[in-house]
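Coordinates as given in start.txt (compact mmCIF, C-alpha atoms and all ligand atoms):
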```txt
# COMPACT_ATOMS: atom_id res chain seq x y z
CA VAL A 1 -81.22 123.83 -96.70
CA LEU A 2 -81.95 125.49 -100.03
CA VAL A 3 -79.42 124.38 -102.61
CA GLY A 4 -78.67 125.97 -105.98
CA TYR A 5 -79.53 129.21 -107.72
CA ASP A 6 -83.07 128.26 -108.82
CA ALA A 7 -84.31 127.34 -105.34
CA VAL A 8 -82.58 130.31 -103.67
CA LYS A 9 -83.93 132.83 -106.19
CA GLU A 10 -87.42 131.35 -106.01
CA ALA A 11 -87.39 131.69 -102.20
CA MET A 12 -85.50 134.97 -101.64
CA VAL A 13 -86.80 136.95 -104.63
CA ASP A 14 -90.04 135.42 -105.99
CA GLN A 15 -91.43 134.41 -102.57
CA ALA A 16 -89.52 137.14 -100.69
CA ASP A 17 -92.33 138.20 -98.36
CA ASP A 18 -92.43 134.76 -96.78
CA PHE A 19 -88.68 134.40 -96.32
CA THR A 20 -87.45 137.75 -94.96
CA GLY A 21 -87.31 136.63 -91.31
CA ARG A 22 -83.81 136.33 -89.86
CA GLY A 23 -83.05 132.87 -88.44
CA GLN A 24 -81.87 133.01 -84.82
CA LEU A 25 -78.33 131.60 -84.62
CA PRO A 26 -77.26 131.34 -80.95
CA PHE A 27 -73.73 132.61 -81.59
CA VAL A 28 -74.94 135.62 -83.62
CA ILE A 29 -77.41 136.47 -80.84
CA ARG A 30 -74.57 136.27 -78.33
CA VAL A 31 -72.28 138.52 -80.40
CA THR A 32 -74.98 141.09 -81.23
CA LYS A 33 -76.92 140.73 -77.95
CA GLY A 34 -79.99 140.57 -80.20
CA TYR A 35 -79.55 144.18 -81.43
CA GLY A 36 -78.84 145.57 -84.89
CA LEU A 37 -80.08 145.23 -88.45
CA GLY A 38 -78.56 141.83 -89.16
CA ILE A 39 -80.39 139.94 -86.43
CA SER A 40 -83.65 141.94 -86.09
CA ASN A 41 -87.08 141.02 -87.32
CA GLY A 42 -90.47 142.69 -87.86
CA GLU A 43 -91.03 146.44 -87.53
CA ARG A 44 -87.65 146.95 -85.83
CA TRP A 45 -85.90 145.39 -88.87
CA HIS A 46 -87.96 147.53 -91.32
CA GLN A 47 -86.96 150.75 -89.50
CA LEU A 48 -83.30 149.77 -89.12
CA ARG A 49 -83.06 148.75 -92.78
CA ARG A 50 -84.58 152.07 -93.99
CA PHE A 51 -82.31 154.02 -91.64
CA THR A 52 -79.18 152.08 -92.71
CA LEU A 53 -79.80 152.46 -96.43
CA ALA A 54 -80.47 156.20 -96.03
CA THR A 55 -77.35 156.62 -93.86
CA LEU A 56 -75.16 154.74 -96.33
CA ARG A 57 -76.44 157.03 -99.08
CA ASP A 58 -75.76 160.20 -97.03
CA PHE A 59 -72.41 158.87 -95.85
CA GLY A 60 -71.33 158.31 -99.45
CA MET A 61 -72.87 161.63 -100.60
CA GLY A 62 -73.94 159.59 -103.61
CA ARG A 63 -71.90 157.17 -105.65
CA LYS A 64 -69.26 159.68 -106.68
CA GLY A 65 -68.37 160.81 -103.14
CA MET A 66 -68.04 157.23 -101.97
CA GLU A 67 -65.81 156.43 -104.94
CA GLU A 68 -63.44 159.31 -104.14
CA TRP A 69 -63.34 158.29 -100.50
CA ILE A 70 -62.40 154.69 -101.37
CA GLN A 71 -59.75 155.92 -103.84
CA GLU A 72 -58.22 157.92 -101.00
CA GLU A 73 -58.34 154.91 -98.65
CA SER A 74 -56.76 152.67 -101.27
CA LYS A 75 -53.69 154.91 -101.37
CA HIS A 76 -53.07 153.97 -97.72
CA LEU A 77 -53.79 150.30 -98.25
CA ARG A 78 -51.03 149.69 -100.77
CA ALA A 79 -48.91 148.14 -98.03
CA ARG A 80 -51.22 145.07 -97.90
CA ILE A 81 -50.87 142.10 -100.13
CA ALA A 82 -51.71 138.96 -102.15
CA GLU A 83 -50.38 137.22 -105.22
CA PHE A 84 -51.94 137.90 -108.63
CA LYS A 85 -51.29 137.07 -112.20
CA GLU A 86 -49.23 139.21 -114.57
CA LYS A 87 -52.18 139.26 -116.91
CA MET A 88 -54.10 141.51 -114.54
CA GLN A 89 -51.17 143.90 -114.26
CA HIS A 90 -50.79 143.99 -118.02
CA GLU A 91 -54.49 144.79 -118.44
CA ILE A 92 -54.27 147.52 -115.78
CA ASP A 93 -51.09 149.01 -117.34
CA VAL A 94 -52.73 149.21 -120.77
CA VAL A 95 -56.06 150.65 -119.60
CA ILE A 96 -55.06 152.90 -116.68
CA GLY A 97 -51.28 153.23 -116.70
CA LYS A 98 -49.48 154.15 -113.48
CA ASN A 99 -50.25 157.82 -113.09
CA ARG A 100 -53.88 158.00 -112.11
CA CYS A 101 -56.20 156.33 -109.59
CA PRO A 102 -58.54 153.62 -110.91
CA ASN A 103 -62.24 154.48 -110.89
CA MET A 104 -65.41 152.43 -111.32
CA GLU A 105 -65.73 153.48 -114.99
CA ASP A 106 -62.56 151.46 -115.67
CA ARG A 107 -64.27 148.22 -114.70
CA LYS A 108 -65.83 147.59 -118.09
CA SER A 109 -62.43 147.99 -119.75
CA LEU A 110 -60.82 145.47 -117.35
CA PRO A 111 -62.82 142.26 -118.00
CA PHE A 112 -60.09 139.87 -116.86
CA THR A 113 -59.46 141.76 -113.62
CA ASP A 114 -63.22 141.94 -113.00
CA ALA A 115 -63.56 138.20 -113.65
CA VAL A 116 -60.74 137.42 -111.18
CA ILE A 117 -62.41 139.55 -108.48
CA HIS A 118 -65.72 137.75 -109.02
CA GLU A 119 -64.00 134.36 -109.02
CA VAL A 120 -62.17 135.19 -105.78
CA GLN A 121 -65.51 135.96 -104.14
CA ARG A 122 -67.12 132.82 -105.55
CA PHE A 123 -64.22 130.51 -104.71
CA LEU A 124 -63.55 131.95 -101.25
CA ASP A 125 -67.27 131.81 -100.40
CA ILE A 126 -66.67 133.54 -97.07
CA VAL A 127 -70.24 133.07 -95.79
CA PRO A 128 -71.11 129.69 -97.36
CA PHE A 129 -74.55 129.30 -95.78
CA SER A 130 -75.23 133.03 -95.89
CA VAL A 131 -77.02 134.26 -92.75
CA PRO A 132 -80.02 132.02 -92.04
CA HIS A 133 -83.53 133.20 -92.82
CA HIS A 134 -86.70 131.93 -91.27
CA ALA A 135 -90.20 131.66 -92.61
CA LEU A 136 -92.49 134.40 -91.27
CA HIS A 137 -95.44 131.98 -91.08
CA ASP A 138 -96.05 128.36 -92.06
CA ILE A 139 -95.47 128.31 -95.80
CA SER A 140 -95.52 125.95 -98.72
CA PHE A 141 -92.43 125.89 -100.94
CA ARG A 142 -91.92 123.46 -103.82
CA GLY A 143 -94.44 121.08 -102.27
CA TYR A 144 -92.76 121.12 -98.83
CA THR A 145 -94.31 122.68 -95.77
CA ILE A 146 -91.80 124.93 -94.02
CA PRO A 147 -92.96 125.72 -90.49
CA LYS A 148 -92.71 129.23 -89.05
CA VAL A 149 -89.33 130.04 -87.44
CA LEU A 150 -87.44 127.11 -88.97
CA SER A 151 -84.01 128.40 -90.01
CA ASN A 152 -83.11 127.90 -93.67
CA PRO A 153 -79.49 128.31 -94.61
CA TYR A 154 -78.65 127.91 -98.28
CA PHE A 155 -75.67 127.72 -100.55
CA ILE A 156 -75.17 128.41 -104.24
CA LEU A 157 -71.64 129.50 -105.10
CA ILE A 158 -70.48 125.93 -105.67
CA GLY A 159 -73.48 124.48 -107.59
CA GLU A 160 -72.48 121.89 -110.22
CA LYS A 161 -75.28 123.06 -112.51
CA GLU A 162 -74.27 126.72 -112.43
CA TRP A 163 -70.45 126.54 -112.79
CA ALA A 164 -68.31 124.65 -115.32
CA THR A 165 -65.62 123.75 -112.74
CA PRO A 166 -67.18 124.59 -109.35
CA TRP A 167 -64.27 123.31 -107.22
CA SER A 168 -61.46 125.05 -109.14
CA PHE A 169 -60.36 128.67 -109.12
CA ASN A 170 -61.24 129.56 -112.69
CA PRO A 171 -61.84 133.19 -113.83
CA GLN A 172 -63.25 131.74 -117.09
CA HIS A 173 -66.49 131.31 -115.11
CA PHE A 174 -66.93 135.03 -115.73
CA LEU A 175 -65.52 135.38 -119.28
CA ASP A 176 -66.95 134.56 -122.70
CA GLN A 177 -64.85 133.10 -125.53
CA ASN A 178 -63.81 136.62 -126.64
CA GLY A 179 -62.50 137.51 -123.20
CA ASN A 180 -65.45 139.82 -122.40
CA PHE A 181 -66.89 139.85 -118.88
CA LYS A 182 -69.91 137.52 -118.64
CA LYS A 183 -72.44 137.76 -115.78
CA ASN A 184 -73.69 134.62 -114.08
CA PRO A 185 -77.01 135.03 -112.25
CA ALA A 186 -75.90 132.41 -109.71
CA PHE A 187 -73.16 134.75 -108.45
CA LEU A 188 -74.92 135.84 -105.26
CA PRO A 189 -72.26 136.29 -102.54
CA PHE A 190 -74.39 139.12 -101.11
CA SER A 191 -77.57 137.00 -101.27
CA ALA A 192 -80.72 138.33 -102.99
CA GLY A 193 -84.16 139.71 -102.23
CA LYS A 194 -85.41 141.95 -99.44
CA ARG A 195 -82.88 140.84 -96.86
CA SER A 196 -79.80 140.98 -99.10
CA CYS A 197 -76.57 142.71 -98.00
CA VAL A 198 -77.00 146.49 -97.59
CA GLY A 199 -73.24 146.98 -98.01
CA GLU A 200 -73.03 145.35 -101.46
CA SER A 201 -72.22 148.41 -103.58
CA LEU A 202 -69.72 149.74 -101.02
CA ALA A 203 -68.03 146.32 -100.76
CA ARG A 204 -67.85 145.87 -104.55
CA MET A 205 -66.38 149.34 -105.03
CA GLU A 206 -63.76 148.65 -102.35
CA LEU A 207 -62.81 145.29 -103.82
CA PHE A 208 -62.33 146.78 -107.28
CA ILE A 209 -60.51 150.01 -106.42
CA PHE A 210 -58.26 148.53 -103.71
CA LEU A 211 -57.19 145.52 -105.77
CA VAL A 212 -56.59 147.40 -109.03
CA SER A 213 -54.69 150.14 -107.27
CA LEU A 214 -52.47 147.61 -105.40
CA LEU A 215 -51.64 145.76 -108.63
CA GLN A 216 -50.95 149.03 -110.41
CA HIS A 217 -48.08 149.75 -108.00
CA PHE A 218 -46.83 146.39 -106.66
CA THR A 219 -45.92 142.88 -107.68
CA PHE A 220 -46.73 140.31 -105.00
CA SER A 221 -44.92 137.14 -104.05
CA CYS A 222 -44.65 134.87 -101.03
CA THR A 223 -41.48 133.59 -99.39
CA GLU A 224 -42.14 129.87 -99.97
CA GLY A 225 -43.43 130.26 -103.55
CA PRO A 226 -47.02 130.01 -104.84
CA ASP A 227 -47.20 126.21 -104.35
CA SER A 228 -46.96 126.69 -100.59
CA ILE A 229 -50.38 128.39 -100.53
CA ASN A 230 -53.03 126.11 -99.06
CA LEU A 231 -56.48 127.03 -100.36
CA ILE A 232 -58.34 124.97 -97.77
CA PRO A 233 -59.72 127.45 -95.22
CA GLU A 234 -58.10 127.55 -91.79
CA TYR A 235 -61.54 127.38 -90.24
CA SER A 236 -64.76 126.43 -91.98
CA SER A 237 -68.26 126.55 -90.56
CA PHE A 238 -70.54 129.59 -90.56
CA ALA A 239 -67.64 131.37 -92.30
CA ASN A 240 -64.69 130.20 -94.40
CA LEU A 241 -61.56 131.84 -92.99
CA PRO A 242 -58.54 131.83 -95.35
CA ARG A 243 -55.09 131.01 -93.95
CA ARG A 244 -52.57 133.80 -93.25
CA TYR A 245 -49.32 134.18 -95.15
CA GLN A 246 -46.36 136.54 -95.16
CA ILE A 247 -46.46 138.28 -98.54
CA ILE A 248 -43.79 140.43 -100.18
CA ALA A 249 -44.89 143.54 -102.09
CA THR A 250 -42.25 144.75 -104.55
CA PRO A 251 -42.79 148.25 -106.01
CA ARG A 252 -43.04 148.07 -109.80
C1 LIG A 301 -67.40 141.27 -99.47
C2 LIG A 301 -68.09 141.82 -98.46
C3 LIG A 301 -69.46 141.36 -98.00
C4 LIG A 301 -70.13 140.17 -98.21
C5 LIG A 301 -69.67 138.93 -98.99
C6 LIG A 301 -71.42 140.28 -97.54
C7 LIG A 301 -72.40 139.29 -97.52
C8 LIG A 301 -73.61 139.38 -96.84
C9 LIG A 301 -74.60 138.32 -96.81
C10 LIG A 301 -74.52 136.97 -97.52
C11 LIG A 301 -75.64 138.77 -96.04
C12 LIG A 301 -76.93 137.99 -95.67
C13 LIG A 301 -78.07 138.38 -96.63
C14 LIG A 301 -79.34 137.58 -96.34
O1 LIG A 301 -79.72 137.43 -95.18
O2 LIG A 301 -79.99 137.09 -97.31
C15 LIG A 301 -75.30 140.11 -95.58
C16 LIG A 301 -76.12 140.90 -94.79
C17 LIG A 301 -75.75 142.15 -94.31
N1 LIG A 301 -74.61 142.86 -94.65
FE1 LIG A 301 -73.08 142.23 -95.85
N2 LIG A 301 -71.50 141.52 -96.95
C18 LIG A 301 -70.34 142.22 -97.21
C19 LIG A 301 -70.04 143.54 -96.84
C20 LIG A 301 -70.84 144.34 -96.07
C21 LIG A 301 -70.55 145.74 -95.74
C22 LIG A 301 -69.34 146.54 -96.23
C23 LIG A 301 -71.58 146.15 -94.93
C24 LIG A 301 -71.82 147.52 -94.29
C25 LIG A 301 -71.64 148.66 -94.93
C26 LIG A 301 -72.52 145.04 -94.76
C27 LIG A 301 -73.68 145.06 -94.01
C28 LIG A 301 -74.62 144.04 -93.94
C29 LIG A 301 -75.83 144.09 -93.11
C30 LIG A 301 -76.24 145.23 -92.15
C31 LIG A 301 -76.55 142.91 -93.36
C32 LIG A 301 -77.90 142.48 -92.76
C33 LIG A 301 -79.06 142.99 -93.65
C34 LIG A 301 -80.43 142.58 -93.12
O3 LIG A 301 -80.50 141.68 -92.28
O4 LIG A 301 -81.45 143.18 -93.57
N3 LIG A 301 -72.04 143.96 -95.49
N4 LIG A 301 -74.05 140.46 -96.09
```
As structure tokens - that is how I would like this structure written.
Amino acid sequence: VLVGYDAVKEAMVDQADDFTGRGQLPFVIRVTKGYGLGISNGERWHQLRRFTLATLRDFGMGRKGMEEWIQEESKHLRARIAEFKEKMQHEIDVVIGKNRCPNMEDRKSLPFTDAVIHEVQRFLDIVPFSVPHHALHDISFRGYTIPKVLSNPYFILIGEKEWATPWSFNPQHFLDQNGNFKKNPAFLPFSAGKRSCVGESLARMELFIFLVSLLQHFTFSCTEGPDSINLIPEYSSFANLPRRYQIIATPR
């Protein structure tokens, strides 16, 4: 298991050619029947990866087309919910108002909202061990010999060295003392290197536009009050699955 940003970056980015193999998890093989980009290796993976990236580009007709498409989708999604702080709504009201759709340009003017979205992804850590990689041949890494085909999961979003309060939900992890958005290189929910998530830009655009547009139009609450929310996942193993709650969306 590779632990912490330094080790993960060194393996997935600096020594990427050795680590791009996909580890063979029995349940993933069963679900995918061994087919598809996520589970493939070798020449098949290279071709599928090139094809997928090209298709995603065509599908989005470039960044702008994809943005408009997500804006349209977000209009339909406003019926879905969660509870967020007034501070985000205040920031959104000041920067965007209520009469136009948010776009990706707005992100730099919404540092608090952006920090909350990053912190949600860090704290939720939906794929805590990422998807395992394996070494393509026997390799040496930090003085250890890693034999070919040994699976190496890794985790980094909760490192004590990288985060001031790793076990608390704390948007300050992504803000400087002036309230500006601050990047943290250890924020790698999509992994890094040659095998990283091909859907990253689509997913990040969706997270931003959906969430901002929901908060623009609704205030969220839950029937039992915020203290009834249990942050411990309902199921935790390969994935962390959050619990389900009935949420009330009140038009603003
Ligand atoms: C918040 C949403 C998402 C998260 C947190 C996420 C996270 C990840 C992670 C951690 C990996 C493993 C990377 C590695 O092996 O080093 C991955 C791989 C992958 N993701 Fe995502 N992902 C998200 C959304 C998406 C979307 C929207 C798509 C499709 C458009 C997608 C398609 C894929 C594919 C095909 C792979 C396998 C890539 C390969 O093996 O070369 N993901 N993702």
statement: Between A:Leu214, A:Ile96, A:Leu231, A:Val8, smallest distance to A:Arg252 by all atoms listed in the file belongs to A:Leu214
query: So which residues are near ligand LIG 301 (chain A), meaning at most 7 Å away with all atoms listed in the file counted, given back as a ChimeraX atom specification?
result: /A:22,37-40,45,49,126-127,130-133,189-193,195-200,202-204
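Minimum distance to A:Pro128 across A:Leu207, A:Ala239, A:Ile70, A:Ala249 (counting all atoms listed in the file) occurs at A:Ala239.
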- prompt: Pick the closest to A:Leu56 from A:Leu110, A:Gly179, A:Val94, A:Ser201: which is it, counting only C-alpha atoms?
  reply: A:Ser201
- request: Counting all atoms listed in the file, write as a PyMOL selection string all protein and nucleic acid residues lying at most 12 Å from (-67.8, 129.2, -90.5) in the file's frame.
  value: chain A and resi 27-28+124-131+233-242
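Straight-line separation from atom CA of A:Phe174 to atom CA of A:Val13: 22.8 Å.
For the atom pair formed by atom CA of A:Tyr144 and atom CA of A:Asn184, the distance is 27.9 Å, given to one decimal.
Going from atom CA of A:Gln89 to atom CA of A:Lys183 covers 22.2 Å.
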